[in-house]
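Have a look at the structure below before the remarks.
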Amino acid sequence: MASIDISVMVAGEAGDGIRQAGLLFSRACARGGLYTFSVFDYLSLIRGGHNSHLVRVCDREVHSHRRKIDILLALNLDSIGKHASELSPNAGLIYDSGSVKELPELRSEVIKIPIPLKSMVREKGAPLITRNSIGLGAVFAMLGYDLNLFLGVIDDQFKNRPEIAELNKSLAKEGYEYVMKNFDGEFSLKLKPISTEKRYVLSGNDAIALGALKAGMKFFVAYPITPASPILHLLASLQRDAGIAVLQAESELAAINMTIGAAFAGVRAMTATSGAGFSLMAEALGLSGMSETPIVVALAQRPGPSTGLATYTAQGDLRFVIHASQGEFPRVVVAPGDVEEAYYRTIEAFNLAEKFQIPAIILSDKHLSESYKTVGAFSEDVRLERGDLILDHYEGEYKRYLITETGVSPRAIPGIEGIIVKQDGSEHNERGLATADANNAKKMQDKRIRKMKYLKEEISRLQPIKLYGEEKADLTIIGWGSTKGAILEALILLKEMRIRANFIQVVYLWPFPDLEVKKALKNTKKLFLVENNKTAQLGSLLREFICLEPDKTILKYDGRPFVPEEIVEQIEEAI
């Protein structure tokens with residue numbers, strides 16, 4: 001059990017800088033060698049409406065937020081009312097005494113710390129948004145943490161605006177000194193640096209973008225949509241330094257068709273969207289399948305149908321992406337479970353797309369895409385495989401869709417001397433010429449589907465499932481994607497309760513790794529399925545491919561991610 005395990009929430013209105021405040025807090029903790037995991041909750045509004053950023057800090061790697069809040073920095077009365085029930089015993093409440101005149105009913109043991117945030121920023125002639133800096137200074141004072149680590153983070157955040165950095169640093173010092181003078185010693189939980197090891201605070205979206213760059217992606221195009229837009233924003237900010245082209249398209253249809261065009265020209269190309277945008281991309285996904293053009297699509301799920309809950313999380317698109325577009329054609333679907341996997345599995349997606357000349361879909365969701373985790377440096381030792389790609393010359397007659405044993409044909413880049421590259425979205429012969437011949441249609445469909453056998457073999461070498469926890473367990477949890485974090489934390493809680501459990505994470509969902517899953521489940525005594533959807537879509541794959549029905553399904557579909565306590569409570573009820 002961690003000796004440091006503290007949850008801090010910053011809450012207020014949209015436009016109050018809530019997301020940035022949580023990130024600054026996380027980065028200051030990471031500078032002290034600590035581990036963080038944070039979730040940002042917001043409504044689909046530009047300004048107004050409630051926002052909160054919950055950061056959990058530990059002295060061990062932490063995979064998920066938890067239910068209780070130890071310190072709440074509330075910038076308005078609404079934030080106190082919304083989160084009062086989540087405060088842990090002896091929690092601390094920092095609030096703006098200039099905005100909150102009368103507190104709602106709270107437990108008597110809650111430590112109340114009123115600070116005149118508004119008047120303090122007015123004295124400095126500072127904008128109201130800088131209340132965050134005072135509040136975070138106060139939080140670090142309560143925790144006894146080294147304020148210099150936070151001041152260093154502010155310097156980095158505003159390195160191009162030194163006057164803004166100095167203003168925020170002076171406000172942070174005021175908040176720190178105010179608490180030290182008026183409330184020193186009242187809060188029992190303490191936070192201290194544990195090492196000087198360099199760590200980074202990244203989201204799943206950040207990791208997908210960085211993984212794409214490492215994979216050699218040269219063209220990225222997308223139409224903005226929550227929660228995938230940060231991939232576009234980050235890559236746009238890096239495009240000059242990275243030597244890539246980044247484009248905001250006029251629609252999702254344009255985005256995927258531009259991706260196909262760039263891949264046809266020979267560069268690694270990607271787009272990113274959510275379920276609503278992917279619906280519009282479905283027909284062009286079929287063009288990628290029929291023309292055997294390798295593309296990568298990052299899909300960050302949110303609740304549907306239609307607009308659903310645009311800024312919340314779900315795992316409802318699994319079956320959709322497996323079967324999207326008309327007809328039958330091979331594809332690969334990979335679902336990273338955390339920030340590190342988002343980086344490395346993105347690289348794998350690019351390799352598989354080109355090696356097998358298929359579309360590859362990286363299936364994320366709002367929780368993974370927009371939550372932040374402390375990570376170490378990613379490895380530079382990654383392998384790039386471009387498959388049967390012709391970049392210079394080709395001997396003999398070139399047939400773009402040559403029928404081969406593996407189903408993979410030689411792929412040439414347009415412009416190579418002596419070669420004419422013909423690709424077609426209609427059924428075609430080996431040379432790429434459209435034809436409705438029945439025998440040819442059967443041969444070509446057999447050729448494309450034949451890739452699946454070799455794709456499965458390739459995926460089996462990429463660790464398509466991962467096992468965590470005790471080998472000889474009394475119960476097994478199976479899940480995929482972002483549920484990984486809460487499940488790993490649930491394993492820790494179950495171990496403290498002397499319940500022996502393990503976790504099977506399915507990383508590659510298509511082609512489904514039935515042999516690997518079956519082998520991992522061979523000695524399972526009781527199986528619990530955990531998913532963020534209503535219809536247990538991984539469960540349907542278990543039934544379809546290995547004729548297995550879980551003993552219990554633990555499902556959540558209200559737009560919110562699991563917390564580990566929920567999983568443990570439902571397991572307790574079942575056993």
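The chains in the structure tokens are called A, B, ... from first to last as shown; in each chain the residues are counted from 1, and the ligands are counted from 1 in the order shown.
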
Which of region 336-557 of chain A DSSP labels helix (DSSP H, G or I), written as a PyMOL selection string: chain A and resi 339-356+366-370+438-460+483-496+514-520+537-546

Non-local contacts of region 547-553 of chain A (12 Å; only C-alpha atoms; under 6 positions in same chain excluded) as a VMD selection string: chain A and resid 475 to 479 514 517 to 518 521 to 522 524 to 541 567 570 to 575

Output for the residues just chosen: N, CA, C and O atoms as a short mmCIF file (atom, residue, chain, number, x, y, z; two decimals), in the first residue's frame:
data_model
loop_
_atom_site.label_atom_id
_atom_site.label_comp_id
_atom_site.auth_asym_id
_atom_site.auth_seq_id
_atom_site.Cartn_x
_atom_site.Cartn_y
_atom_site.Cartn_z
N LEU A 475 -10.36 -15.53 -8.75
CA LEU A 475 -11.24 -14.92 -9.74
C LEU A 475 -10.41 -14.16 -10.76
O LEU A 475 -9.29 -13.71 -10.48
N THR A 476 -10.96 -14.02 -11.95
CA THR A 476 -10.29 -13.33 -13.06
C THR A 476 -11.20 -12.23 -13.58
O THR A 476 -12.41 -12.44 -13.77
N ILE A 477 -10.61 -11.06 -13.78
CA ILE A 477 -11.32 -9.94 -14.41
C ILE A 477 -10.81 -9.83 -15.84
O ILE A 477 -9.61 -9.93 -16.09
N ILE A 478 -11.71 -9.65 -16.78
CA ILE A 478 -11.31 -9.44 -18.17
C ILE A 478 -11.89 -8.10 -18.65
O ILE A 478 -13.02 -7.75 -18.32
N GLY A 479 -11.11 -7.36 -19.39
CA GLY A 479 -11.56 -6.07 -19.88
C GLY A 479 -10.66 -5.57 -21.00
O GLY A 479 -9.71 -6.25 -21.41
N ASP A 514 -8.39 -15.27 -30.26
CA ASP A 514 -9.13 -16.29 -29.55
C ASP A 514 -8.24 -17.34 -28.88
O ASP A 514 -8.49 -17.75 -27.74
N VAL A 517 -6.62 -15.77 -25.74
CA VAL A 517 -7.60 -15.55 -24.67
C VAL A 517 -8.01 -16.89 -24.05
O VAL A 517 -8.10 -17.02 -22.82
N LYS A 518 -8.24 -17.86 -24.89
CA LYS A 518 -8.66 -19.18 -24.39
C LYS A 518 -7.59 -19.79 -23.48
O LYS A 518 -7.89 -20.35 -22.41
N LEU A 521 -7.48 -18.07 -20.10
CA LEU A 521 -8.64 -18.35 -19.25
C LEU A 521 -8.75 -19.81 -18.84
O LEU A 521 -9.70 -20.20 -18.16
N LYS A 522 -7.78 -20.61 -19.23
CA LYS A 522 -7.86 -22.07 -19.03
C LYS A 522 -8.12 -22.46 -17.58
O LYS A 522 -8.93 -23.35 -17.30
N THR A 524 -9.26 -20.43 -15.13
CA THR A 524 -10.11 -19.45 -14.44
C THR A 524 -11.23 -20.14 -13.66
O THR A 524 -11.93 -21.02 -14.19
N LYS A 525 -11.39 -19.73 -12.40
CA LYS A 525 -12.44 -20.29 -11.56
C LYS A 525 -13.73 -19.49 -11.67
O LYS A 525 -14.82 -20.04 -11.69
N LYS A 526 -13.59 -18.18 -11.73
CA LYS A 526 -14.76 -17.31 -11.84
C LYS A 526 -14.36 -16.10 -12.66
O LYS A 526 -13.35 -15.46 -12.37
N LEU A 527 -15.16 -15.77 -13.69
CA LEU A 527 -14.79 -14.71 -14.63
C LEU A 527 -15.73 -13.51 -14.51
O LEU A 527 -16.95 -13.64 -14.61
N PHE A 528 -15.11 -12.33 -14.33
CA PHE A 528 -15.86 -11.07 -14.24
C PHE A 528 -15.47 -10.21 -15.45
O PHE A 528 -14.29 -9.93 -15.68
N LEU A 529 -16.46 -9.79 -16.20
CA LEU A 529 -16.24 -8.93 -17.37
C LEU A 529 -16.55 -7.49 -16.99
O LEU A 529 -17.61 -7.20 -16.45
N VAL A 530 -15.60 -6.56 -17.28
CA VAL A 530 -15.77 -5.14 -16.95
C VAL A 530 -15.74 -4.33 -18.24
O VAL A 530 -14.76 -4.39 -18.98
N GLU A 531 -16.82 -3.59 -18.51
CA GLU A 531 -16.87 -2.76 -19.71
C GLU A 531 -17.65 -1.48 -19.45
O GLU A 531 -18.60 -1.46 -18.67
N ASN A 532 -17.29 -0.41 -20.19
CA ASN A 532 -18.00 0.87 -20.13
C ASN A 532 -19.05 0.93 -21.26
O ASN A 532 -19.03 1.82 -22.11
N ASN A 533 -19.95 -0.05 -21.30
CA ASN A 533 -21.05 -0.03 -22.26
C ASN A 533 -22.21 -0.82 -21.69
O ASN A 533 -22.09 -1.44 -20.63
N LYS A 534 -23.33 -0.78 -22.37
CA LYS A 534 -24.55 -1.44 -21.90
C LYS A 534 -24.64 -2.90 -22.34
O LYS A 534 -25.20 -3.75 -21.65
N THR A 535 -24.07 -3.21 -23.53
CA THR A 535 -24.34 -4.51 -24.15
C THR A 535 -23.19 -5.51 -24.03
O THR A 535 -23.22 -6.56 -24.67
N ALA A 536 -22.16 -5.20 -23.23
CA ALA A 536 -21.04 -6.13 -23.01
C ALA A 536 -20.45 -6.61 -24.34
O ALA A 536 -20.50 -7.80 -24.67
N GLN A 537 -19.89 -5.70 -25.09
CA GLN A 537 -19.46 -6.02 -26.46
C GLN A 537 -18.25 -6.95 -26.49
O GLN A 537 -18.15 -7.81 -27.38
N LEU A 538 -17.32 -6.82 -25.56
CA LEU A 538 -16.26 -7.82 -25.47
C LEU A 538 -16.85 -9.17 -25.11
O LEU A 538 -16.42 -10.22 -25.61
N GLY A 539 -17.86 -9.17 -24.25
CA GLY A 539 -18.54 -10.41 -23.90
C GLY A 539 -19.12 -11.10 -25.11
O GLY A 539 -19.10 -12.34 -25.21
N SER A 540 -19.63 -10.32 -26.07
CA SER A 540 -20.19 -10.93 -27.28
C SER A 540 -19.09 -11.59 -28.11
O SER A 540 -19.32 -12.62 -28.75
N LEU A 541 -17.88 -11.02 -28.08
CA LEU A 541 -16.76 -11.64 -28.80
C LEU A 541 -16.31 -12.92 -28.10
O LEU A 541 -15.93 -13.90 -28.75
N ILE A 567 -15.76 -1.47 -8.82
CA ILE A 567 -15.47 -2.83 -9.28
C ILE A 567 -15.37 -3.79 -8.10
O ILE A 567 -15.94 -4.89 -8.10
N GLN A 570 -18.83 -4.61 -6.52
CA GLN A 570 -19.64 -5.55 -7.29
C GLN A 570 -19.06 -6.97 -7.23
O GLN A 570 -19.80 -7.95 -7.25
N ILE A 571 -17.75 -7.07 -7.15
CA ILE A 571 -17.14 -8.40 -6.98
C ILE A 571 -17.50 -8.97 -5.61
O ILE A 571 -17.85 -10.16 -5.49
N GLU A 572 -17.44 -8.12 -4.59
CA GLU A 572 -17.81 -8.58 -3.23
C GLU A 572 -19.24 -9.12 -3.20
O GLU A 572 -19.51 -10.16 -2.57
N GLU A 573 -20.14 -8.41 -3.86
CA GLU A 573 -21.54 -8.85 -3.88
C GLU A 573 -21.69 -10.21 -4.55
O GLU A 573 -22.53 -11.02 -4.14
N ALA A 574 -20.87 -10.45 -5.57
CA ALA A 574 -21.01 -11.68 -6.36
C ALA A 574 -20.37 -12.89 -5.70
O ALA A 574 -20.73 -14.03 -6.01
N ILE A 575 -19.40 -12.66 -4.81
CA ILE A 575 -18.72 -13.81 -4.20
C ILE A 575 -19.15 -14.00 -2.75
O ILE A 575 -18.71 -14.94 -2.11
#

Nearest residue to Lys355 (chain A) from the set A:Leu455, A:Ile322, A:Val421, A:Ala342 (distances using only C-alpha atoms): A:Leu455

Region 267-303 of chain A near region 223-246 of chain A within 7 Å: what's each residue's closest atom pair and its distance in Å to one decimal, counting only C-alpha atoms, ordered by chain then ascending residue number, as CSV?
residue,atom,partner,partner_atom,distance
A:Ala272,CA,A:Ala228,CA,6.1
A:Thr273,CA,A:Ala228,CA,5.4
A:Ser274,CA,A:Ala228,CA,6.3
A:Ala300,CA,A:Ala228,CA,5.6

Residues flagged strand (DSSP E or B) by DSSP in region 263-338 of chain A, as JSON, numbers by chain: {"A": [268, 269, 270, 271, 272, 273, 295, 296, 297, 298, 299, 300, 301, 332, 333, 334]}

Preceding selection exported with N, CA, C and O atoms as an mmCIF file, in the first residue's frame:
data_model
loop_
_atom_site.group_PDB
_atom_site.id
_atom_site.type_symbol
_atom_site.label_atom_id
_atom_site.label_comp_id
_atom_site.auth_asym_id
_atom_site.auth_seq_id
_atom_site.Cartn_x
_atom_site.Cartn_y
_atom_site.Cartn_z
ATOM 1 N N ARG A 268 3.158 7.722 -44.639
ATOM 2 C CA ARG A 268 2.323 7.242 -43.540
ATOM 3 C C ARG A 268 1.366 8.362 -43.145
ATOM 4 O O ARG A 268 1.797 9.492 -42.881
ATOM 5 N N ALA A 269 0.080 8.042 -43.093
ATOM 6 C CA ALA A 269 -0.938 9.077 -42.895
ATOM 7 C C ALA A 269 -1.960 8.607 -41.872
ATOM 8 O O ALA A 269 -2.249 7.416 -41.753
ATOM 9 N N MET A 270 -2.537 9.576 -41.141
ATOM 10 C CA MET A 270 -3.484 9.252 -40.081
ATOM 11 C C MET A 270 -4.537 10.332 -39.968
ATOM 12 O O MET A 270 -4.302 11.496 -40.285
ATOM 13 N N THR A 271 -5.705 9.941 -39.504
ATOM 14 C CA THR A 271 -6.741 10.881 -39.098
ATOM 15 C C THR A 271 -7.235 10.475 -37.714
ATOM 16 O O THR A 271 -6.935 9.372 -37.245
ATOM 17 N N ALA A 272 -7.974 11.371 -37.050
ATOM 18 C CA ALA A 272 -8.500 11.074 -35.711
ATOM 19 C C ALA A 272 -9.906 11.637 -35.601
ATOM 20 O O ALA A 272 -10.210 12.706 -36.142
ATOM 21 N N THR A 273 -10.759 10.926 -34.891
ATOM 22 C CA THR A 273 -12.147 11.343 -34.787
ATOM 23 C C THR A 273 -12.793 10.685 -33.570
ATOM 24 O O THR A 273 -12.123 10.027 -32.769
ATOM 25 N N ILE A 295 -4.061 2.946 -44.019
ATOM 26 C CA ILE A 295 -4.283 4.179 -43.271
ATOM 27 C C ILE A 295 -4.439 3.835 -41.793
ATOM 28 O O ILE A 295 -4.711 2.686 -41.435
ATOM 29 N N VAL A 296 -4.281 4.859 -40.939
ATOM 30 C CA VAL A 296 -4.504 4.696 -39.503
ATOM 31 C C VAL A 296 -5.571 5.695 -39.072
ATOM 32 O O VAL A 296 -5.502 6.882 -39.419
ATOM 33 N N VAL A 297 -6.554 5.211 -38.323
ATOM 34 C CA VAL A 297 -7.625 6.049 -37.789
ATOM 35 C C VAL A 297 -7.629 5.912 -36.266
ATOM 36 O O VAL A 297 -7.755 4.798 -35.748
ATOM 37 N N ALA A 298 -7.462 7.028 -35.567
ATOM 38 C CA ALA A 298 -7.598 7.020 -34.107
ATOM 39 C C ALA A 298 -9.027 7.427 -33.776
ATOM 40 O O ALA A 298 -9.483 8.494 -34.189
ATOM 41 N N LEU A 299 -9.727 6.565 -33.048
ATOM 42 C CA LEU A 299 -11.125 6.829 -32.705
ATOM 43 C C LEU A 299 -11.249 6.910 -31.190
ATOM 44 O O LEU A 299 -11.058 5.917 -30.490
ATOM 45 N N ALA A 300 -11.558 8.100 -30.687
ATOM 46 C CA ALA A 300 -11.747 8.318 -29.250
ATOM 47 C C ALA A 300 -13.242 8.273 -28.968
ATOM 48 O O ALA A 300 -13.987 9.187 -29.347
ATOM 49 N N GLN A 301 -13.697 7.199 -28.302
ATOM 50 C CA GLN A 301 -15.127 6.986 -28.106
ATOM 51 C C GLN A 301 -15.733 7.939 -27.081
ATOM 52 O O GLN A 301 -15.073 8.380 -26.135
ATOM 53 N N VAL A 332 -7.464 -4.031 -38.731
ATOM 54 C CA VAL A 332 -6.960 -4.336 -37.394
ATOM 55 C C VAL A 332 -7.514 -3.292 -36.433
ATOM 56 O O VAL A 332 -7.623 -2.109 -36.772
ATOM 57 N N VAL A 333 -7.928 -3.740 -35.244
ATOM 58 C CA VAL A 333 -8.436 -2.856 -34.195
ATOM 59 C C VAL A 333 -7.623 -3.105 -32.932
ATOM 60 O O VAL A 333 -7.604 -4.220 -32.411
ATOM 61 N N VAL A 334 -6.946 -2.068 -32.459
ATOM 62 C CA VAL A 334 -6.128 -2.170 -31.250
ATOM 63 C C VAL A 334 -6.628 -1.152 -30.240
ATOM 64 O O VAL A 334 -6.945 -0.010 -30.594
#

Who sits within 10 Å of region 13-26 of chain A, only C-alpha atoms, same chain under 6 positions skipped, as number ranges by chain: A: 34-57, 74-76, 78-79, 128-133, 135-137, 139-140, 149-151, 153-154, 157, 200-202, 372-374
